[in-house]
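Please read the structure below before turning to the comments.
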Amino acid sequence: MTALIQGATGDWEMVIGLEVHAQVTSAAKLFSGAANAFGGEPNTRVSLVDAAMPGMLPVINGYCIEQAVRTGLALKAKINLTSVFDRKNYFYPDLPQGYQISQFTQPIVGTGEVVLDMEDGTERRVGITRLHLEQDAGKSLHDQAPKLTYVDLNRSGVALMEIVSEPDIRSPEEAAAYLTKLRSILRYLGTCDGNMEEGSMRADVNVSVRRPGGALGTRCEIKNVNSIRFVQQAIVVEAARQVALIEDGGKVVQETRLFDPEAGVTRVMRSKEESHDYRYFPDPDLLPLELDADWVASIKAGLPELPDEKRARFMDGYGLSPYDASVLVAERETAEFFETVAQGRDGKVAANWVMGELFGLLNRQGRAMADSPVGPVELGGLIDLIADGTLSNRLAKEVFEEMAASGKPAAAVVEEKGLRQITDSGAIEAEVDKVIAAGPDQVAQFKAGNEKVLGWFVGRVMQATGGKANPAAVNEILRKKLSE
Amino acid sequence: MAAAALTGLTIAEARDGLLAKDFSARELAEAHIGAMEAGRGLNAFLTETPERALAGAQEADRRIAAGEARGLEGVPLGIKDLFCTEGVATTAASRILQGFTPPYESTVTRNLWDAGAVMLGKTNLDEFAMGSSNTTSHFGPVENPWRRKGDNRPLVPGGSSGGSAAAVAAHLCAGATGTDTGGSIRQPAAFCGVVGLKPTYGRCSRYGIVAFASSLDQAGPITKTVRDAAILLRHMAGFDARDSTSVEREVPDFEAALSRPLKGLRVGIPKEYRVDGMDPEIDALWQKGIGWLEEAGLEAVEIGLPHTQYALPVYYILAPAEASSNLARYDGVRYGHRAEGGGDLLEMYEATRGEGFGAEVRRRIMIGTYVLSAGYYDAYYLKAQKVRTLIARDFAAAFEAVDVILTPTAPGAAFAIGEKEDDPISMYLNDVFTVPASLAGLPGISVPAGTDGDGLPLGLQLMAPSFDEETMIAAAAAIEARAGFDGAAAAGGA
Amino acid sequence: MSLDKATVARIAALARIRVAEDELDGLARELSNILGWIEQLDAVDTSGVPPMSRAADQKLRWREDVVDDGGIGEKILANAPAAKDGFFTVPKVIE
């Protein structure tokens with residue numbers, strides 16, 4: 001699914017790799033006991049260690065190690081039983097130690113992969129180069145005062161998993177699919193909340209362009225893009241910039257850029273212009289991290305069912321199409337909702353209702369699955385009323401809207417509003433007789449062989465019964481009477 | 001008791017005298033406060049905390065009266081100004097920490113206060129513990145209380161724990177803490193005629209000690225006697241969950257180890273320590289030391305530590321490399337000195353660090369930055385780490401055959417302030433005998449064993465396998481008992 | 001290894017230490033001497049020898065994931081050379 005860019009001199013292919021920083025959902029920070037929480041008064045979620053006071057030392061949070069291993073296993077990746085924490089040295093006001101504790105040569109997780117289910121039903125595989133644990137920096141605010149930058153260390157030392165992809169991505173859509181899938185996996189695991197708005201998941205996007213199948217071009221890194229939509233936009237404008245630059249006879253310079261969504265451009269980051277020399281070396285305050293193979297195996301055994309496995313099961317067990325299955329498994333809550341609805345019912349019907357009426361309702365109301373006004377048990381009850389003939393599909397939609405508005409179960413709505421489908425053939429026959437009597441012309445047309453006119457009779461009967469007549473029964477009785 | 005008699009007491013004697021109520025903790029503290037004030041000329045203390053000492057003494061007297069005395073109840077100590085002390089300025093003898101008052105206490109000093117010790121003040125040191133003469137302190141050099149016979153030129157106390165060693169030698173405090181990265185406890189102890197003990201890496205917590213080189217730094221005691229070193233170490237050491245390199249191990253009763261039988265043990269004499277052009281007086285003292293240990297029942301065995309000559313260059317790669325990173329936090333943002341004069345962030349950083357660090361610290365940060373920089377890491381840093389492995393293996397092999405190793409502590413006696421200043425390498429050579437144990441993480445102790453022709457003290461060093469400080473202490477006591485070294489000379493006159 | 005002035009200036013910039021122009025030559029000489037002395041390590045055969053980065057021979061201990069620190073904003077800021085509204089402040093950084 002390579003999306004080519006038509007340049008003035010021919011086609012260009014985008015080569016994209018993503019570095020995702022996923023904040024671990026731990027209670028405390030990676031190397032200190034201060035709280036890992038979003039927001040808060042400045043410098044209140046900071047320990048002496050996070051502020052790099054003289055003589056302060058890091059002690060690693062075991063929970064964060066476990067979450068990195070779980071994530072690695074979910075990415076079908078190699079878990080390195082020995083890994084090492086290194087110092088990445090550079091100066092910045094929100095980096096109190098003057099170095100970031102990270103993992104450079106020996107990360108905790110090695111190569112893995114993410115499978116993307118594209119909308120056209122195809123599958124793409126994106127390689128994972130590595131996952132490592134590292135500290136987040138604090139926050140610099142540049143807009144609080146004209147001549148000062150304000151520094152808040154609340155985020156300093158928060159645990160991040162940096163997940164690095166291979167440059168296997170070839171289009172903005174694939175980049176979006178990758179991020180969506182990765183976020184889905186992280187949320188299934190509960191290792192990261194995937195909230196890009198709050199910055200608990202951030203992406204650095206590496207973009208280069210080349211002639212299709214040709215040698216790799218020079219890449220630029222777009223730092224800290226904070227939504228999937230912006231990632232797509234940033235790729236589009238950065239690739240276009242590079243193509244235009246090259247076609248004008250220029251050369252792409254490897255540099256770090258920022259995406260400005262308002263202007264719709266990427267700009268070179270001034271503070272990162274100087275050449276980097278991070279002088280990585282093993283942090284002598286920490287010992288090598290050693291994991292026990294049995295422990296890793298027990299972590300693996302305890303993993304939840306992940307999106308890919310669930311999708312396969314939904315296709316097998318419920319007869320869903322690959323696309324429907326991947327939509328339903330994208331969020332753990334949706335998958336669980338669907339399974340509750342589908343339990344003991346027709347899976348395809350359940351999928352249609354969840355993806356149709358329910359998604360439509362949630363969309364209109366701007367709600368998440370967890371706040372759905374109609375619960376899975378209630379939706380199941382509604383589907384049961386269709387199955388047993390109490391409701392037609394049309395009526396069921398009406399009942400569904402009422403359920404959403406009132407919060408009442410389907411059966412109660414049906415009772416209160418008298419929306420029960422009329423299946424009693426006597427009552428339907430009486431209405432049919434009236435309609436036939438009222439439409440001699442139409443009767444004549446039908447008898448002359450115009451089948452389409454049947455619709456007119458059905459419509460009239462449904463109108464007269466307030467839509468409650470069972471459409472199949474109406475059809476059958478009409479045909480019988482009209483043929484008499 | 002007269003003040004001079006009180007300040008002349010060892011920690012063991014002070015402890016016993018307090019318990020016997022021969023004198024009060026208050027009297028003991030006052031005597032030392034007086035000595036500290038009278039000894040200001042040595043520049044051994046950077047900060048004096050007499051109120052704290054007196055408050056501690058009051059509590060000590062209460063506890064002694066109540067029969068609740070702890071192990072170091074009322075013992076007045078000097079604390080190297082590299083240990084963060086809550087509410088008391090901590091400078092690391094650097095301008096860059098000007099105005100810094102830690103809101104926290106280092107684990108080692110916390111342990112000492114919990115054992116009843118009282119703080120007299122913070123002692124001078126080489127800036128960030130980088131030096132072997134205490135001349136790199138931003139607050140001026142410390143004078144060794146010893147003088148050459150017939151020569152009144154002030155001498156260096158050694159370094160980096162020079163203030164602690166000078167203060168103990170001059171009887172300004174009953175004992176002191178030091179830190180040792182490549183010899184910073186043992187070498188000044190030798191220069192000042194006192195005992196300095198660097199325990200096994202991991203024995204004392206590094207939490208709250210201003211870091212120089214994290215994989216080498218260890219706290220330890222500087223005292224008048226081996227027994228005092230044993231007593232003080234016991235109350236400094238201990239597992240600390242806040243230091244990932246702290247070792248989870250029981251702290252033995254080191255004092256009890258003094259009376260361990262030594263008969264049948266073997267002392268290794270490494271032939272590589274007999275360096276070219278070795279001072280004959282040092283060599284003679286070393287031979288005496290071997291004799292004393294033989295007298296005590298040990299068998300002397302020549303051993304090989306073939307990579308000894310590489311220890312110093314390894315150290316002068318690894319320690320600066322770690323330091324260049326450890327000292328990156330002194331950036332003028334959160335504490336300490338910030339250069340005046342506006343300018344942008346880069347100018348603020350460069351001016352702050354340029355004027356905040358002294359020449360030796362700048363030199364080491366730059367060496368460390370260089371050896372870690374792209375393209376040089378493998379040739380310098382990685383190479384040094386590999387040679388460090390070989391040095392550690394040398395010791396491991398040697399300790400298959402021997403129980404302790406005996407060497408001189410330093411290649412010479414104390415030199416005059418100003419000597420060796422112009423050549424960093426000749427200064428670095430002071431640590432030639434102490435650095436190997438630091439690299440291997442092994443315990444080492446310097447015991448004053450005699451004097452040179454100028455009447456200056458010389459020390460002998462014992463090293464032992466990891467976590468066998470007890471055997472080392474027992475052997476050190478055997479040397480001490482036979483050397484008959486008199487340290488009082490320093491306290492009295494000079 | 002002999003360091004030239006430009007290299008010394010680059011190291012000083014990396015280390016964020018201001019070195020006056022007239023100090024560069026002297027510093028280059030000093031650092032070159034030290035590096036030259038250090039290079040005696042080249043004589044050691046280290047093939048197959050693993051690097052030793054830590055003296056402690058033990059496993060890395062893990063802490064529990066509990067919040068037992070923080071909430072000490074005053075202590076964090078107490079020593080700050082410059083602070084405002086609970087933030088540390090530095091000369092403005094342009095991204």
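Chain labels A, B, ... are given in the sequence in which chains occur in the structure tokens; within each chain residues are numbered consecutively from 1, and ligands are likewise numbered from 1 in the order shown.
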Quick one: everything within 7 Å of range 279-295 of chain B, counting only C-alpha atoms, minus sequence neighbours fewer than 4 positions away in the same chain. Send it as number ranges by chain.
B: 299-300, 407-408, 411-412, 452, 460, 478-479, 482
Near His337 in chain B, counting only C-alpha atoms, which residues have an atom at most 10 Å away, once you skip same-chain residues fewer than 6 positions from it, shown as a short mmCIF file (atom, residue, chain, number, x, y, z; two decimals) with N, CA and C atoms, in the first residue's frame?
```
data_model
loop_
_atom_site.label_atom_id
_atom_site.label_comp_id
_atom_site.auth_asym_id
_atom_site.auth_seq_id
_atom_site.Cartn_x
_atom_site.Cartn_y
_atom_site.Cartn_z
N SER B 94 33.57 23.52 46.75
CA SER B 94 33.46 24.11 45.42
C SER B 94 32.64 25.39 45.46
N ARG B 95 33.03 26.32 44.63
CA ARG B 95 32.25 27.55 44.52
C ARG B 95 30.87 27.25 43.94
N ILE B 96 30.80 26.20 43.15
CA ILE B 96 29.54 25.95 42.44
C ILE B 96 28.42 25.53 43.39
N LEU B 97 28.80 25.06 44.59
CA LEU B 97 27.74 24.72 45.56
C LEU B 97 27.54 25.82 46.60
N GLN B 98 28.06 26.99 46.27
CA GLN B 98 27.90 28.13 47.16
C GLN B 98 26.43 28.34 47.52
N GLY B 99 26.18 28.45 48.81
CA GLY B 99 24.82 28.74 49.25
C GLY B 99 23.91 27.53 49.33
N PHE B 100 24.45 26.37 49.05
CA PHE B 100 23.60 25.17 49.06
C PHE B 100 23.48 24.58 50.46
N TYR B 330 25.42 20.27 38.17
CA TYR B 330 25.75 21.60 38.70
C TYR B 330 25.70 22.59 37.54
N ASP B 331 24.48 23.05 37.27
CA ASP B 331 24.22 23.84 36.07
C ASP B 331 23.62 25.21 36.39
N THR B 352 28.48 29.88 34.46
CA THR B 352 28.29 29.28 35.78
C THR B 352 29.31 28.17 36.03
N ARG B 353 29.44 27.29 35.07
CA ARG B 353 30.33 26.15 35.25
C ARG B 353 31.79 26.56 35.07
N GLU B 355 33.13 29.46 35.95
CA GLU B 355 33.64 30.14 37.16
C GLU B 355 33.34 29.34 38.42
N GLY B 356 32.41 28.39 38.33
CA GLY B 356 32.02 27.62 39.52
C GLY B 356 32.99 26.50 39.84
N ASN C 79 16.72 25.92 47.38
CA ASN C 79 18.07 26.35 47.01
C ASN C 79 18.16 26.99 45.63
N ALA C 80 17.01 27.22 45.00
CA ALA C 80 17.03 27.67 43.60
C ALA C 80 17.61 29.08 43.48
N PRO C 81 18.55 29.26 42.57
CA PRO C 81 19.08 30.61 42.33
C PRO C 81 17.99 31.55 41.80
#
```
Extract, using only C-alpha atoms, all DNA, RNA and protein residues at most 7 Å from range 26-34 of chain C, discarding same-chain residues fewer than 6 positions from it, and format them as a PyMOL selection string.
(chain B and resi 367+425) or (chain C and resi 1-5+8)
Residues from last step as file, N, CA and C atoms, as a CSV table (one decimal), in the first residue's frame:
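And here's result34.csv as it stands now:
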```
chain,number,residue,atom,x,y,z
B,367,ILE,N,38.7,15.9,30.6
B,367,ILE,CA,39.2,14.6,30.2
B,367,ILE,C,38.1,13.6,30.1
B,425,ILE,N,50.3,15.1,36.6
B,425,ILE,CA,50.6,13.6,36.6
B,425,ILE,C,51.4,13.3,37.8
C,1,MET,N,48.0,10.9,22.0
C,1,MET,CA,47.0,11.7,21.4
C,1,MET,C,47.3,13.2,21.8
C,2,SER,N,47.5,14.0,20.8
C,2,SER,CA,47.7,15.4,21.1
C,2,SER,C,46.4,16.2,20.7
C,3,LEU,N,45.9,16.9,21.6
C,3,LEU,CA,44.7,17.7,21.4
C,3,LEU,C,45.0,19.1,20.9
C,4,ASP,N,44.3,19.5,19.9
C,4,ASP,CA,44.5,20.9,19.4
C,4,ASP,C,43.5,21.8,20.1
C,5,LYS,N,43.7,23.1,19.9
C,5,LYS,CA,42.9,24.1,20.5
C,5,LYS,C,41.4,23.9,20.1
C,8,VAL,N,39.9,21.1,22.1
C,8,VAL,CA,39.7,21.5,23.5
C,8,VAL,C,38.5,22.5,23.6
```
Please report as JSON lines every residue of chain A lying within 7 Å of chain B, along with the nearest atom pair and their distance in Å (one decimal), using only C-alpha atoms.
```
{"residue": "A:Ala52", "atom": "CA", "partner": "B:Arg329", "partner_atom": "CA", "distance": 6.7}
{"residue": "A:Pro54", "atom": "CA", "partner": "B:Val210", "partner_atom": "CA", "distance": 5.1}
{"residue": "A:Gly55", "atom": "CA", "partner": "B:Gly208", "partner_atom": "CA", "distance": 4.1}
{"residue": "A:Met56", "atom": "CA", "partner": "B:Gly208", "partner_atom": "CA", "distance": 5.7}
{"residue": "A:Leu57", "atom": "CA", "partner": "B:Asp243", "partner_atom": "CA", "distance": 6.0}
{"residue": "A:Val59", "atom": "CA", "partner": "B:Ser244", "partner_atom": "CA", "distance": 5.8}
{"residue": "A:Asn89", "atom": "CA", "partner": "B:Ser325", "partner_atom": "CA", "distance": 6.8}
{"residue": "A:Pro93", "atom": "CA", "partner": "B:Val333", "partner_atom": "CA", "distance": 6.7}
{"residue": "A:Pro96", "atom": "CA", "partner": "B:Arg329", "partner_atom": "CA", "distance": 6.0}
{"residue": "A:Gln97", "atom": "CA", "partner": "B:Arg329", "partner_atom": "CA", "distance": 4.7}
{"residue": "A:Gly98", "atom": "CA", "partner": "B:Ala328", "partner_atom": "CA", "distance": 4.7}
{"residue": "A:Asp277", "atom": "CA", "partner": "B:Ala374", "partner_atom": "CA", "distance": 6.2}
{"residue": "A:Arg279", "atom": "CA", "partner": "B:Ser373", "partner_atom": "CA", "distance": 5.0}
{"residue": "A:Pro284", "atom": "CA", "partner": "B:Ser215", "partner_atom": "CA", "distance": 5.3}
{"residue": "A:Asp285", "atom": "CA", "partner": "B:Ser214", "partner_atom": "CA", "distance": 6.1}
{"residue": "A:Leu286", "atom": "CA", "partner": "B:Ser244", "partner_atom": "CA", "distance": 5.9}
```
Across A:Ala51, A:Ala297, A:Ala335, A:Ala410, the smallest distance to chain C, with only C-alpha atoms counted, is shown by A:Ala51
Using only C-alpha atoms and a distance of at most 7 Å, pull out the residues of chain A that contact chain C, as a ChimeraX atom specification.
/A:26-28,33-35,42-48,51,59-63,142,147-152,269-271,282,284,286-290
